[in-house]
Amino acid sequence: GRGIGEELSASATVESQDVFLGEPFVLQVRVSGADSPGRPDLSGLADFSVRDLGATRSGQRSFTVIVNGRQVKSESGSEIAFQYELVAKKEGVLTIPSVPVSAQGKTVRTEPVQIRVTRPTETADIKLRMSLSKARCYVGEPVLLRVVWYVGTKVGNYQLTLPVLGSDAFKLADRQDGQYSTVQAVGGTVAAVQGRAELDGRQYDAVEFSKILIPRKAGRFDMSPATITCSVLAGHQKQSSPFGDDFPFFNNMREVYRKVVVPSDSTALEVLPLPQAGRPAGYAGHIGEYKIAASATPVEVNVGDPITLTIALTGPEYLDNVELPPLGAQPALARDFKIPSEPVAGKVGGGAKVFTQSIRALREDVQSIPPIELGYFNTKSGEYGTARSAPIPMKVRPTRIVTAGMGEGAEPVVAGSVLEAWGKGIAYNYEGPEMLEDQRSGAAIWIRSPVWICSVALPPSVYFVVLALTVVSRPRRS
């Protein structure tokens with residue numbers, strides 16, 4: 001609960017009231033007078049994109065009060081700071097409105113905060129360019145977004161803002177090529193690689209950021225410009241010697257940096273819907289021209305034995321988000337084989353995505369694993385197609401099946417092939433109740449056993465023989 005003698009209060013502060021369009025800055029809402037206040041309501045910040053950075057709690061402060069003539073020590077002063085990363089959506093003088101905070105049935109509001117937002121401009125040494133691998137695609141077709149940062153001077157810390165990372169119009173994926181590393185941008189991660197590049201006849205150090213965009217729906221999407229915020233070397237400042245002017249050789253120059261925010265150009269993507277005509281049965285949304293190959297091991301099995309089926313998909317450039325449709329939806333395969341219902345996980349490597357599944361033949365008349373089919377939409381031709389693997393010949397032997405006749409009190413009933421004797425190596429096996437040996441035991445069984453009679457009679461017999469020899473030998477020795 002709230003500490004004794006302290007009222008619920010809230011305040012809002014920003015790290016800077018002068019920001020650039022696209023530059024992230026931190027809003028902090030501090031709440032005191034309540035141990036567990038509700039989260040601030042930021043639904044009124046329509047001019048800003050908001051990302052929650054979490055909350056921190058400051059230490060407790062203690063004080064003493066008198067209640068009904070008694071001295072009471074109460075813990076109070078617990079302060080919680082809620083932090084948010086904001087990015088302005090337009091330039092001009094914007095207002096962060098009053099933010100309500102509630103606790104213990106009471107609501108307080110922060111004071112409004114004004115922010116001055118200016119449009120960033122590129123410099124001769126810092127430039128940013130954004131492009132798409134194609135300007136038109138179909139729903140579900142991966143498109144590569146590239147943002148290249150050209151650097152012609154010494155820079156310090158940087159932060160990339162890519163508004164599309166917060167869009168729900170796309171499913172996002174990172175490139176898995178080994179030459180790329182994953183770095184943090186505002187709102188998500190991007191792949192990055194460093195190198196050299198030329199722009200407008202000048203050589204720059206360059207960093208390429210990239211993200212794979214997979215459209216979820218049709219329409220035209222205008223990509224807001226990306227921005228890069230960084231510290232740029234602005235010059236050098238003389239730093240005085242700690243020994244004064246008498247030792248000028250201790251004087252040195254200190255680097256001075258200034259913050260710059262540079263925007264990229266903007267671009268747009270037109271996303272087309274998939275046609276209905278010619279769509280194959282069981283189409284699962286695969287975009288691109290696919291090829292499919294399958295292999296199995298072992299290919300000689302008994303009915304019910306596990307068979308490892310391996311399926312490899314190739315064709316599209318980006319396969320990380322490609323899934324294999326349920327094998328149970330393949331009618332020919334489901335007719336002859338038992339297939340687990342769990343989804344199959346795949347692994348990308350060597351230009352293919354490989355899926356492994358365990359299946360079991362249902363009957364001895366199964367002669368092959370039928371072709372595995374995959375429907376796809378070829379974006380180049382604008383038509384649907386079906387990829388098929390080659391059939392895999394199989395040899396399935398019958399197996400022993402336990403029937404209801406095997407129940408207690410019934411004669412053994414065996415379905416399947418008759419056991420054949422094997423004349424070499426290990427002796428062949430026999431099965432059935434008639435092969436069981438009588439292992440019963442008890443007093444009546446023991447009496448009829450020669451081994452038991454000998455083991456019981458032998459110790460007393462030995463004793464009496466030794467006793468007789470002793471009686472005879474003692475008088476003689478005397």
# chains A, B, ... in the order shown; residues from 1 in each chain; ligands from 1
call {"tool": "residues_around", "arguments": {"residues": "Asp305 in chain A", "least_positions_apart": "4", "cutoff": "9 Å", "atoms": "only C-alpha atoms", "output": "list in words"}}
result
Val301, Ile359, Arg360 and Ala361 of chain A
call {"tool": "residues_around", "arguments": {"residues": "range 208-211 of chain A", "least_positions_apart": "3", "cutoff": "8 Å", "atoms": "only C-alpha atoms", "output": "list in words"}}
result
Leu144, Leu145, Arg146, Val147, Val148, Trp149, Leu172, Ala173, Asp174, Arg175, Val190, Ala191, Ala192, Val193 and Gln194 of chain A
call {"tool": "write_last_selection", "arguments": {"atoms": "all heavy atoms", "output": "CSV table (one decimal), in the first residue's frame"}}
result
chain,number,residue,atom,x,y,z
A,144,LEU,N,13.8,-8.5,-50.0
A,144,LEU,CA,14.9,-8.1,-49.2
A,144,LEU,C,15.0,-6.6,-49.1
A,144,LEU,O,15.0,-5.9,-50.1
A,144,LEU,CB,16.2,-8.6,-49.8
A,144,LEU,CG,17.5,-8.3,-49.0
A,144,LEU,CD1,17.5,-8.9,-47.6
A,144,LEU,CD2,18.8,-8.7,-49.8
A,145,LEU,N,15.0,-6.1,-47.9
A,145,LEU,CA,15.1,-4.6,-47.7
A,145,LEU,C,16.6,-4.4,-47.3
A,145,LEU,O,17.1,-5.0,-46.4
A,145,LEU,CB,14.2,-4.2,-46.5
A,145,LEU,CG,14.3,-2.7,-46.0
A,145,LEU,CD1,13.9,-1.8,-47.1
A,145,LEU,CD2,13.5,-2.5,-44.8
A,146,ARG,N,17.2,-3.5,-48.0
A,146,ARG,CA,18.6,-3.1,-47.7
A,146,ARG,C,18.7,-1.7,-47.3
A,146,ARG,O,18.1,-0.8,-48.0
A,146,ARG,CB,19.5,-3.4,-48.9
A,146,ARG,CG,19.5,-4.9,-49.4
A,146,ARG,CD,20.3,-5.0,-50.7
A,146,ARG,NE,21.7,-4.7,-50.6
A,146,ARG,CZ,22.3,-3.7,-51.2
A,146,ARG,NH1,21.6,-2.8,-51.9
A,146,ARG,NH2,23.6,-3.4,-51.0
A,147,VAL,N,19.5,-1.4,-46.3
A,147,VAL,CA,19.8,0.0,-45.9
A,147,VAL,C,21.3,0.1,-45.7
A,147,VAL,O,21.9,-0.6,-44.9
A,147,VAL,CB,19.1,0.4,-44.5
A,147,VAL,CG1,19.5,1.8,-44.1
A,147,VAL,CG2,17.6,0.2,-44.6
A,148,VAL,N,21.9,0.9,-46.6
A,148,VAL,CA,23.4,1.0,-46.6
A,148,VAL,C,23.8,2.4,-45.9
A,148,VAL,O,23.3,3.4,-46.3
A,148,VAL,CB,24.0,1.0,-48.0
A,148,VAL,CG1,25.5,1.0,-48.0
A,148,VAL,CG2,23.5,-0.3,-48.7
A,149,TRP,N,24.7,2.3,-45.0
A,149,TRP,CA,25.2,3.4,-44.2
A,149,TRP,C,26.6,3.7,-44.8
A,149,TRP,O,27.5,2.9,-44.6
A,149,TRP,CB,25.2,3.1,-42.7
A,149,TRP,CG,25.7,4.2,-41.9
A,149,TRP,CD1,25.8,5.6,-42.1
A,149,TRP,CD2,26.3,4.1,-40.6
A,149,TRP,NE1,26.3,6.3,-41.1
A,149,TRP,CE2,26.7,5.4,-40.1
A,149,TRP,CE3,26.5,3.0,-39.7
A,149,TRP,CZ2,27.2,5.6,-38.9
A,149,TRP,CZ3,27.1,3.2,-38.5
A,149,TRP,CH2,27.5,4.5,-38.1
A,172,LEU,N,8.7,-10.9,-40.6
A,172,LEU,CA,10.1,-10.5,-40.7
A,172,LEU,C,11.0,-11.7,-40.4
A,172,LEU,O,10.7,-12.5,-39.6
A,172,LEU,CB,10.4,-9.4,-39.7
A,172,LEU,CG,9.5,-8.1,-39.7
A,172,LEU,CD1,9.8,-7.2,-38.6
A,172,LEU,CD2,9.6,-7.4,-41.1
A,173,ALA,N,12.1,-11.7,-41.1
A,173,ALA,CA,13.1,-12.7,-41.0
A,173,ALA,C,14.5,-12.1,-41.2
A,173,ALA,O,14.7,-11.2,-41.9
A,173,ALA,CB,12.8,-13.9,-41.9
A,174,ASP,N,15.5,-12.8,-40.6
A,174,ASP,CA,16.9,-12.3,-40.7
A,174,ASP,C,17.6,-13.3,-41.7
A,174,ASP,O,17.3,-14.5,-41.7
A,174,ASP,CB,17.6,-12.3,-39.4
A,174,ASP,CG,17.3,-11.1,-38.5
A,174,ASP,OD1,17.1,-10.0,-39.1
A,174,ASP,OD2,17.2,-11.2,-37.3
A,175,ARG,N,18.6,-12.7,-42.4
A,175,ARG,CA,19.4,-13.6,-43.3
A,175,ARG,C,20.3,-14.5,-42.4
A,175,ARG,O,20.8,-14.0,-41.4
A,175,ARG,CB,20.2,-12.7,-44.2
A,175,ARG,CG,19.4,-11.7,-45.0
A,175,ARG,CD,20.3,-10.7,-45.8
A,175,ARG,NE,20.9,-11.3,-46.9
A,175,ARG,CZ,21.5,-10.6,-47.9
A,175,ARG,NH1,21.6,-9.3,-47.8
A,175,ARG,NH2,22.0,-11.2,-48.9
A,190,VAL,N,18.4,-6.7,-37.1
A,190,VAL,CA,18.7,-6.7,-38.5
A,190,VAL,C,20.0,-7.4,-38.7
A,190,VAL,O,20.9,-7.5,-37.8
A,190,VAL,CB,18.8,-5.3,-39.1
A,190,VAL,CG1,17.4,-4.6,-39.0
A,190,VAL,CG2,19.8,-4.4,-38.4
A,191,ALA,N,20.2,-7.9,-39.9
A,191,ALA,CA,21.5,-8.5,-40.3
A,191,ALA,C,22.4,-7.4,-40.8
A,191,ALA,O,22.0,-6.4,-41.4
A,191,ALA,CB,21.3,-9.5,-41.4
A,192,ALA,N,23.7,-7.5,-40.5
A,192,ALA,CA,24.7,-6.4,-40.9
A,192,ALA,C,26.0,-7.0,-41.3
A,192,ALA,O,26.4,-8.0,-40.9
A,192,ALA,CB,24.9,-5.5,-39.7
A,193,VAL,N,26.6,-6.3,-42.3
A,193,VAL,CA,27.9,-6.7,-42.8
A,193,VAL,C,28.7,-5.4,-43.2
A,193,VAL,O,28.1,-4.4,-43.7
A,193,VAL,CB,27.8,-7.6,-44.0
A,193,VAL,CG1,27.1,-7.0,-45.2
A,193,VAL,CG2,29.2,-8.2,-44.4
A,194,GLN,N,30.0,-5.4,-42.9
A,194,GLN,CA,30.8,-4.2,-43.1
A,194,GLN,C,31.7,-4.3,-44.3
A,194,GLN,O,32.2,-5.4,-44.6
A,194,GLN,CB,31.6,-3.8,-41.8
A,194,GLN,CG,32.4,-2.5,-41.9
A,194,GLN,CD,33.1,-2.2,-40.6
A,194,GLN,OE1,32.8,-2.9,-39.6
A,194,GLN,NE2,33.9,-1.2,-40.6
call {"tool": "residues_around", "arguments": {"residues": "range 78-81 of chain A", "least_positions_apart": "2", "cutoff": "6 Å", "atoms": "only C-alpha atoms", "output": "NGL selection string"}}
result
:A and (29-32 or 55-58 or 60 or 76)
call {"tool": "write_last_selection", "arguments": {"atoms": "N, CA, C and O atoms", "output": "PDB file, in the first residue's frame"}}
result
ATOM      1  N   VAL A  29       8.356   8.286 -16.848  1.00  0.00           N
ATOM      2  CA  VAL A  29       7.226   8.630 -15.988  1.00  0.00           C
ATOM      3  C   VAL A  29       7.542   8.103 -14.596  1.00  0.00           C
ATOM      4  O   VAL A  29       7.639   6.891 -14.380  1.00  0.00           O
ATOM      5  N   ARG A  30       7.711   9.022 -13.640  1.00  0.00           N
ATOM      6  CA  ARG A  30       8.076   8.658 -12.272  1.00  0.00           C
ATOM      7  C   ARG A  30       6.832   8.742 -11.389  1.00  0.00           C
ATOM      8  O   ARG A  30       6.126   9.755 -11.381  1.00  0.00           O
ATOM      9  N   VAL A  31       6.590   7.657 -10.636  1.00  0.00           N
ATOM     10  CA  VAL A  31       5.409   7.564  -9.774  1.00  0.00           C
ATOM     11  C   VAL A  31       5.883   7.315  -8.345  1.00  0.00           C
ATOM     12  O   VAL A  31       6.688   6.404  -8.092  1.00  0.00           O
ATOM     13  N   SER A  32       5.373   8.109  -7.407  1.00  0.00           N
ATOM     14  CA  SER A  32       5.704   7.925  -5.994  1.00  0.00           C
ATOM     15  C   SER A  32       4.414   7.919  -5.183  1.00  0.00           C
ATOM     16  O   SER A  32       3.368   8.383  -5.636  1.00  0.00           O
ATOM     17  N   ALA A  55      10.580  -0.910 -16.169  1.00  0.00           N
ATOM     18  CA  ALA A  55      10.465  -0.016 -15.007  1.00  0.00           C
ATOM     19  C   ALA A  55      11.540  -0.361 -13.994  1.00  0.00           C
ATOM     20  O   ALA A  55      12.002  -1.504 -13.896  1.00  0.00           O
ATOM     21  N   THR A  56      11.943   0.650 -13.238  1.00  0.00           N
ATOM     22  CA  THR A  56      12.909   0.461 -12.153  1.00  0.00           C
ATOM     23  C   THR A  56      12.338   1.076 -10.881  1.00  0.00           C
ATOM     24  O   THR A  56      11.582   2.051 -10.928  1.00  0.00           O
ATOM     25  N   ARG A  57      12.726   0.496  -9.739  1.00  0.00           N
ATOM     26  CA  ARG A  57      12.238   0.983  -8.442  1.00  0.00           C
ATOM     27  C   ARG A  57      13.405   1.544  -7.645  1.00  0.00           C
ATOM     28  O   ARG A  57      14.461   0.910  -7.551  1.00  0.00           O
ATOM     29  N   SER A  58      13.209   2.712  -7.072  1.00  0.00           N
ATOM     30  CA  SER A  58      14.240   3.312  -6.225  1.00  0.00           C
ATOM     31  C   SER A  58      14.142   2.751  -4.814  1.00  0.00           C
ATOM     32  O   SER A  58      13.181   2.057  -4.467  1.00  0.00           O
ATOM     33  N   GLN A  60      13.761   2.456  -0.637  1.00  0.00           N
ATOM     34  CA  GLN A  60      12.764   2.934   0.311  1.00  0.00           C
ATOM     35  C   GLN A  60      13.340   4.048   1.190  1.00  0.00           C
ATOM     36  O   GLN A  60      14.532   4.060   1.497  1.00  0.00           O
ATOM     37  N   SER A  76       8.258   4.235   3.454  1.00  0.00           N
ATOM     38  CA  SER A  76       7.536   5.004   2.441  1.00  0.00           C
ATOM     39  C   SER A  76       8.538   5.533   1.429  1.00  0.00           C
ATOM     40  O   SER A  76       9.736   5.262   1.511  1.00  0.00           O
TER      41      SER A  76
END
call {"tool": "closest_residue", "arguments": {"among": "A:Thr356, A:Asp35, A:Gly140, A:Glu122", "to": "Ala103 in chain A", "atoms": "only C-alpha atoms"}}
result
A:Asp35
call {"tool": "atom_distance", "arguments": {"atom1": "CA of Val207 in chain A", "atom2": "CA of Lys347 in chain A"}}
result
28.6 Å
call {"tool": "closest_residue", "arguments": {"among": "A:Leu319, A:Val260, A:Leu269, A:Ala46", "to": "Val143 in chain A", "atoms": "only C-alpha atoms"}}
result
A:Leu269
call {"tool": "residues_around", "arguments": {"residues": "Pro120 in chain A", "least_positions_apart": "5", "cutoff": "8 Å", "atoms": "only C-alpha atoms", "output": "list in words"}}
result
Phe20, Leu21, Val261, Val262 and Pro263 of chain A
call {"tool": "write_last_selection", "arguments": {"atoms": "all heavy atoms", "output": "compact mmCIF listing (two decimals), in the first residue's frame"}}
result
# COMPACT_ATOMS: atom_id res chain seq x y z
N PHE A 20 15.33 15.04 -33.54
CA PHE A 20 15.14 14.95 -34.98
C PHE A 20 14.02 13.96 -35.31
O PHE A 20 13.74 13.04 -34.54
CB PHE A 20 16.43 14.48 -35.66
CG PHE A 20 17.53 15.51 -35.64
CD1 PHE A 20 18.54 15.46 -34.69
CD2 PHE A 20 17.55 16.52 -36.59
CE1 PHE A 20 19.55 16.39 -34.68
CE2 PHE A 20 18.56 17.47 -36.58
CZ PHE A 20 19.57 17.40 -35.62
N LEU A 21 13.41 14.17 -36.44
CA LEU A 21 12.40 13.23 -36.92
C LEU A 21 13.06 11.86 -37.15
O LEU A 21 14.05 11.75 -37.87
CB LEU A 21 11.80 13.75 -38.23
CG LEU A 21 10.66 12.92 -38.83
CD1 LEU A 21 9.45 12.93 -37.90
CD2 LEU A 21 10.28 13.46 -40.21
N VAL A 261 21.83 13.19 -37.03
CA VAL A 261 20.78 12.24 -37.42
C VAL A 261 20.60 12.37 -38.92
O VAL A 261 20.30 13.46 -39.42
CB VAL A 261 19.46 12.51 -36.68
CG1 VAL A 261 18.39 11.51 -37.11
CG2 VAL A 261 19.67 12.44 -35.17
N VAL A 262 20.79 11.28 -39.64
CA VAL A 262 20.75 11.30 -41.10
C VAL A 262 19.63 10.38 -41.58
O VAL A 262 19.54 9.24 -41.14
CB VAL A 262 22.11 10.85 -41.68
CG1 VAL A 262 22.04 10.74 -43.20
CG2 VAL A 262 23.21 11.82 -41.27
N PRO A 263 18.76 10.87 -42.47
CA PRO A 263 17.67 10.03 -42.99
C PRO A 263 18.08 9.32 -44.28
O PRO A 263 19.00 9.74 -44.98
CB PRO A 263 16.58 11.06 -43.26
CG PRO A 263 17.35 12.28 -43.72
CD PRO A 263 18.65 12.26 -42.95
call {"tool": "closest_residue", "arguments": {"among": "A:Ile372, A:Val299, A:Val99, A:Leu53", "to": "Gly328 in chain A", "atoms": "only C-alpha atoms"}}
result
A:Ile372
call {"tool": "closest_residue", "arguments": {"among": "A:Thr182, A:Asn302, A:Ser461, A:Ser9", "to": "Lys106 in chain A", "atoms": "only C-alpha atoms"}}
result
A:Ser9
call {"tool": "select_by_dssp", "arguments": {"residues": "range 74-274 of chain A", "states": "strand (DSSP E or B)", "output": "VMD selection string"}}
result
chain A and resid 74 to 76 79 to 88 92 to 96 100 to 103 106 to 109 113 to 118 126 to 132 136 to 138 143 to 151 155 to 161 170 to 173 181 to 186 188 to 199 202 to 215 219 to 223 227 to 239 252 to 263 267 to 272
call {"tool": "write_last_selection", "arguments": {"atoms": "C-alpha atoms", "output": "CSV table (one decimal), in the first residue's frame"}}
result
chain,number,residue,atom,x,y,z
A,74,SER,CA,6.7,3.4,8.4
A,75,GLU,CA,8.4,2.6,5.2
A,76,SER,CA,7.5,5.0,2.4
A,79,GLU,CA,9.4,5.5,-6.3
A,80,ILE,CA,8.9,3.7,-9.6
A,81,ALA,CA,10.3,5.0,-12.9
A,82,PHE,CA,8.5,3.7,-16.1
A,83,GLN,CA,10.7,4.3,-19.2
A,84,TYR,CA,9.6,4.4,-22.8
A,85,GLU,CA,11.4,4.9,-26.1
A,86,LEU,CA,9.6,7.4,-28.3
A,87,VAL,CA,10.1,8.3,-32.0
A,88,ALA,CA,8.3,11.3,-33.4
A,92,GLY,CA,7.1,20.5,-35.7
A,93,VAL,CA,6.3,21.3,-32.2
A,94,LEU,CA,4.6,18.2,-30.7
A,95,THR,CA,3.1,17.7,-27.3
A,96,ILE,CA,3.4,14.7,-25.1
A,100,PRO,CA,-2.8,9.2,-16.3
A,101,VAL,CA,-1.5,6.8,-13.6
A,102,SER,CA,-3.8,4.9,-11.2
A,103,ALA,CA,-3.2,3.3,-7.8
A,106,LYS,CA,-7.0,7.0,-7.3
A,107,THR,CA,-5.7,8.6,-10.5
A,108,VAL,CA,-3.2,11.3,-11.0
A,109,ARG,CA,-1.8,12.9,-14.2
A,113,VAL,CA,5.7,18.1,-22.2
A,114,GLN,CA,6.5,19.9,-25.5
A,115,ILE,CA,8.9,18.5,-28.0
A,116,ARG,CA,10.5,20.3,-30.9
A,117,VAL,CA,11.0,18.0,-33.9
A,118,THR,CA,13.1,19.0,-36.8
A,126,ILE,CA,27.3,10.5,-43.5
A,127,LYS,CA,24.7,9.2,-45.9
A,128,LEU,CA,22.0,6.5,-45.8
A,129,ARG,CA,20.3,4.7,-48.7
A,130,MET,CA,17.3,2.3,-48.6
A,131,SER,CA,16.2,-0.1,-51.3
A,132,LEU,CA,14.1,-3.2,-52.0
A,136,ARG,CA,6.3,-5.5,-56.8
A,137,CYS,CA,5.7,-8.9,-55.3
A,138,TYR,CA,2.9,-11.3,-54.3
A,143,VAL,CA,11.5,-9.3,-50.4
A,144,LEU,CA,14.9,-8.1,-49.2
A,145,LEU,CA,15.1,-4.6,-47.7
A,146,ARG,CA,18.6,-3.1,-47.7
A,147,VAL,CA,19.8,0.0,-45.9
A,148,VAL,CA,23.4,1.0,-46.6
A,149,TRP,CA,25.2,3.4,-44.2
A,150,TYR,CA,28.0,5.3,-46.0
A,151,VAL,CA,30.6,6.7,-43.5
A,155,VAL,CA,32.1,8.1,-35.9
A,156,GLY,CA,31.2,7.0,-32.4
A,157,ASN,CA,28.1,5.2,-31.1
A,158,TYR,CA,25.2,4.7,-33.6
A,159,GLN,CA,21.6,3.7,-33.5
A,160,LEU,CA,19.5,2.6,-36.5
A,161,THR,CA,15.8,3.3,-36.7
A,170,PHE,CA,5.0,-8.0,-42.9
A,171,LYS,CA,6.4,-11.2,-41.4
A,172,LEU,CA,10.1,-10.5,-40.7
A,173,ALA,CA,13.1,-12.7,-41.0
A,181,SER,CA,26.0,-10.7,-38.0
A,182,THR,CA,22.9,-9.7,-36.1
A,183,VAL,CA,22.7,-6.2,-34.6
A,184,GLN,CA,20.0,-4.4,-32.6
A,185,ALA,CA,18.0,-1.6,-34.2
A,186,VAL,CA,15.1,0.3,-32.8
A,188,GLY,CA,14.0,-5.3,-33.6
A,189,THR,CA,17.1,-6.9,-35.0
A,190,VAL,CA,18.7,-6.7,-38.5
A,191,ALA,CA,21.5,-8.5,-40.3
A,192,ALA,CA,24.7,-6.4,-40.9
A,193,VAL,CA,27.9,-6.7,-42.8
A,194,GLN,CA,30.8,-4.2,-43.1
A,195,GLY,CA,32.8,-3.3,-46.2
A,196,ARG,CA,33.7,-0.6,-48.7
A,197,ALA,CA,31.4,1.0,-51.2
A,198,GLU,CA,31.2,3.8,-53.7
A,199,LEU,CA,28.6,6.5,-53.8
A,202,ARG,CA,33.5,8.7,-53.6
A,203,GLN,CA,34.7,5.7,-51.7
A,204,TYR,CA,33.2,5.2,-48.2
A,205,ASP,CA,33.4,2.7,-45.4
A,206,ALA,CA,29.9,1.1,-45.5
A,207,VAL,CA,27.7,-1.0,-43.3
A,208,GLU,CA,24.8,-2.8,-45.0
A,209,PHE,CA,21.8,-3.5,-42.8
A,210,SER,CA,19.2,-5.9,-44.2
A,211,LYS,CA,15.9,-7.5,-43.4
A,212,ILE,CA,13.6,-10.0,-45.2
A,213,LEU,CA,10.1,-8.8,-45.5
A,214,ILE,CA,7.3,-11.3,-46.2
A,215,PRO,CA,4.0,-9.5,-47.0
A,219,GLY,CA,-1.8,-3.5,-51.1
A,220,ARG,CA,0.6,-0.6,-51.6
A,221,PHE,CA,3.0,0.0,-48.7
A,222,ASP,CA,5.0,3.2,-48.4
A,223,MET,CA,8.2,2.6,-46.5
A,227,THR,CA,17.4,7.1,-39.9
A,228,ILE,CA,20.8,6.7,-38.4
A,229,THR,CA,21.8,8.5,-35.2
A,230,CYS,CA,25.5,8.7,-34.5
A,231,SER,CA,28.3,10.8,-33.0
A,232,VAL,CA,30.6,12.3,-35.6
A,233,LEU,CA,34.0,13.8,-35.1
A,234,ALA,CA,33.7,17.5,-35.2
A,235,GLY,CA,37.2,18.6,-34.4
A,236,HIS,CA,39.8,18.7,-31.7
A,237,GLN,CA,40.0,20.7,-28.5
A,238,LYS,CA,43.3,21.6,-26.8
A,239,GLN,CA,43.5,20.0,-23.4
A,252,ASN,CA,47.3,17.2,-25.9
A,253,MET,CA,44.3,17.5,-28.2
A,254,ARG,CA,41.0,16.0,-27.2
A,255,GLU,CA,38.5,14.8,-29.9
A,256,VAL,CA,35.2,16.6,-29.9
A,257,TYR,CA,32.1,14.8,-31.2
A,258,ARG,CA,28.6,16.1,-32.2
A,259,LYS,CA,25.4,14.2,-32.7
A,260,VAL,CA,23.9,13.9,-36.2
A,261,VAL,CA,20.8,12.2,-37.4
A,262,VAL,CA,20.7,11.3,-41.1
A,263,PRO,CA,17.7,10.0,-43.0
A,267,THR,CA,10.6,3.6,-51.1
A,268,ALA,CA,7.3,1.7,-51.7
A,269,LEU,CA,6.3,-1.9,-52.3
A,270,GLU,CA,3.2,-3.0,-54.3
A,271,VAL,CA,1.9,-6.4,-53.1
A,272,LEU,CA,-0.4,-8.4,-55.4
call {"tool": "residues_around", "arguments": {"residues": "Gln357 in chain A", "least_positions_apart": "2", "cutoff": "7 Å", "atoms": "only C-alpha atoms", "output": "JSON, numbers by chain"}}
result
{"A": [308, 309, 310, 344, 355, 359]}
call {"tool": "write_last_selection", "arguments": {"atoms": "all heavy atoms", "output": "PDB file, in the first residue's frame"}}
result
ATOM      1  N   THR A 308      12.804 -43.977 -41.777  1.00  0.00           N
ATOM      2  CA  THR A 308      13.177 -42.565 -41.749  1.00  0.00           C
ATOM      3  C   THR A 308      13.037 -41.981 -43.146  1.00  0.00           C
ATOM      4  O   THR A 308      13.777 -42.349 -44.055  1.00  0.00           O
ATOM      5  CB  THR A 308      14.618 -42.388 -41.239  1.00  0.00           C
ATOM      6  OG1 THR A 308      14.729 -42.932 -39.932  1.00  0.00           O
ATOM      7  CG2 THR A 308      14.990 -40.914 -41.203  1.00  0.00           C
ATOM      8  N   LEU A 309      12.082 -41.087 -43.300  1.00  0.00           N
ATOM      9  CA  LEU A 309      11.830 -40.422 -44.582  1.00  0.00           C
ATOM     10  C   LEU A 309      12.444 -39.027 -44.533  1.00  0.00           C
ATOM     11  O   LEU A 309      12.126 -38.233 -43.643  1.00  0.00           O
ATOM     12  CB  LEU A 309      10.324 -40.341 -44.846  1.00  0.00           C
ATOM     13  CG  LEU A 309       9.877 -39.617 -46.114  1.00  0.00           C
ATOM     14  CD1 LEU A 309      10.388 -40.333 -47.354  1.00  0.00           C
ATOM     15  CD2 LEU A 309       8.353 -39.495 -46.162  1.00  0.00           C
ATOM     16  N   THR A 310      13.316 -38.723 -45.479  1.00  0.00           N
ATOM     17  CA  THR A 310      13.989 -37.426 -45.551  1.00  0.00           C
ATOM     18  C   THR A 310      13.523 -36.697 -46.801  1.00  0.00           C
ATOM     19  O   THR A 310      13.583 -37.244 -47.905  1.00  0.00           O
ATOM     20  CB  THR A 310      15.511 -37.596 -45.582  1.00  0.00           C
ATOM     21  OG1 THR A 310      15.924 -38.321 -44.412  1.00  0.00           O
ATOM     22  CG2 THR A 310      16.213 -36.250 -45.598  1.00  0.00           C
ATOM     23  N   VAL A 344       6.703 -31.248 -38.658  1.00  0.00           N
ATOM     24  CA  VAL A 344       8.084 -31.644 -38.900  1.00  0.00           C
ATOM     25  C   VAL A 344       8.968 -30.405 -38.889  1.00  0.00           C
ATOM     26  O   VAL A 344       8.700 -29.432 -39.602  1.00  0.00           O
ATOM     27  CB  VAL A 344       8.213 -32.375 -40.251  1.00  0.00           C
ATOM     28  CG1 VAL A 344       9.618 -32.924 -40.421  1.00  0.00           C
ATOM     29  CG2 VAL A 344       7.189 -33.491 -40.354  1.00  0.00           C
ATOM     30  N   PHE A 355      13.756 -31.865 -44.166  1.00  0.00           N
ATOM     31  CA  PHE A 355      12.816 -32.309 -43.134  1.00  0.00           C
ATOM     32  C   PHE A 355      12.955 -33.824 -42.977  1.00  0.00           C
ATOM     33  O   PHE A 355      13.099 -34.550 -43.962  1.00  0.00           O
ATOM     34  CB  PHE A 355      11.381 -31.966 -43.529  1.00  0.00           C
ATOM     35  CG  PHE A 355      11.142 -30.503 -43.777  1.00  0.00           C
ATOM     36  CD1 PHE A 355      11.402 -29.943 -45.025  1.00  0.00           C
ATOM     37  CD2 PHE A 355      10.668 -29.686 -42.772  1.00  0.00           C
ATOM     38  CE1 PHE A 355      11.186 -28.596 -45.261  1.00  0.00           C
ATOM     39  CE2 PHE A 355      10.454 -28.331 -43.004  1.00  0.00           C
ATOM     40  CZ  PHE A 355      10.715 -27.789 -44.247  1.00  0.00           C
ATOM     41  N   ILE A 359       8.012 -42.817 -40.515  1.00  0.00           N
ATOM     42  CA  ILE A 359       6.740 -43.394 -40.938  1.00  0.00           C
ATOM     43  C   ILE A 359       6.823 -44.911 -40.796  1.00  0.00           C
ATOM     44  O   ILE A 359       7.911 -45.479 -40.644  1.00  0.00           O
ATOM     45  CB  ILE A 359       6.389 -42.999 -42.388  1.00  0.00           C
ATOM     46  CG1 ILE A 359       7.457 -43.528 -43.355  1.00  0.00           C
ATOM     47  CG2 ILE A 359       6.245 -41.479 -42.511  1.00  0.00           C
ATOM     48  CD1 ILE A 359       7.130 -43.259 -44.822  1.00  0.00           C
TER      49      ILE A 359
END
call {"tool": "atom_distance", "arguments": {"atom1": "CA of Asp265 in chain A", "atom2": "CA of Leu162 in chain A"}}
result
12.0 Å
call {"tool": "atom_distance", "arguments": {"atom1": "CA of Lys291 in chain A", "atom2": "CA of Gln179 in chain A"}}
result
26.4 Å
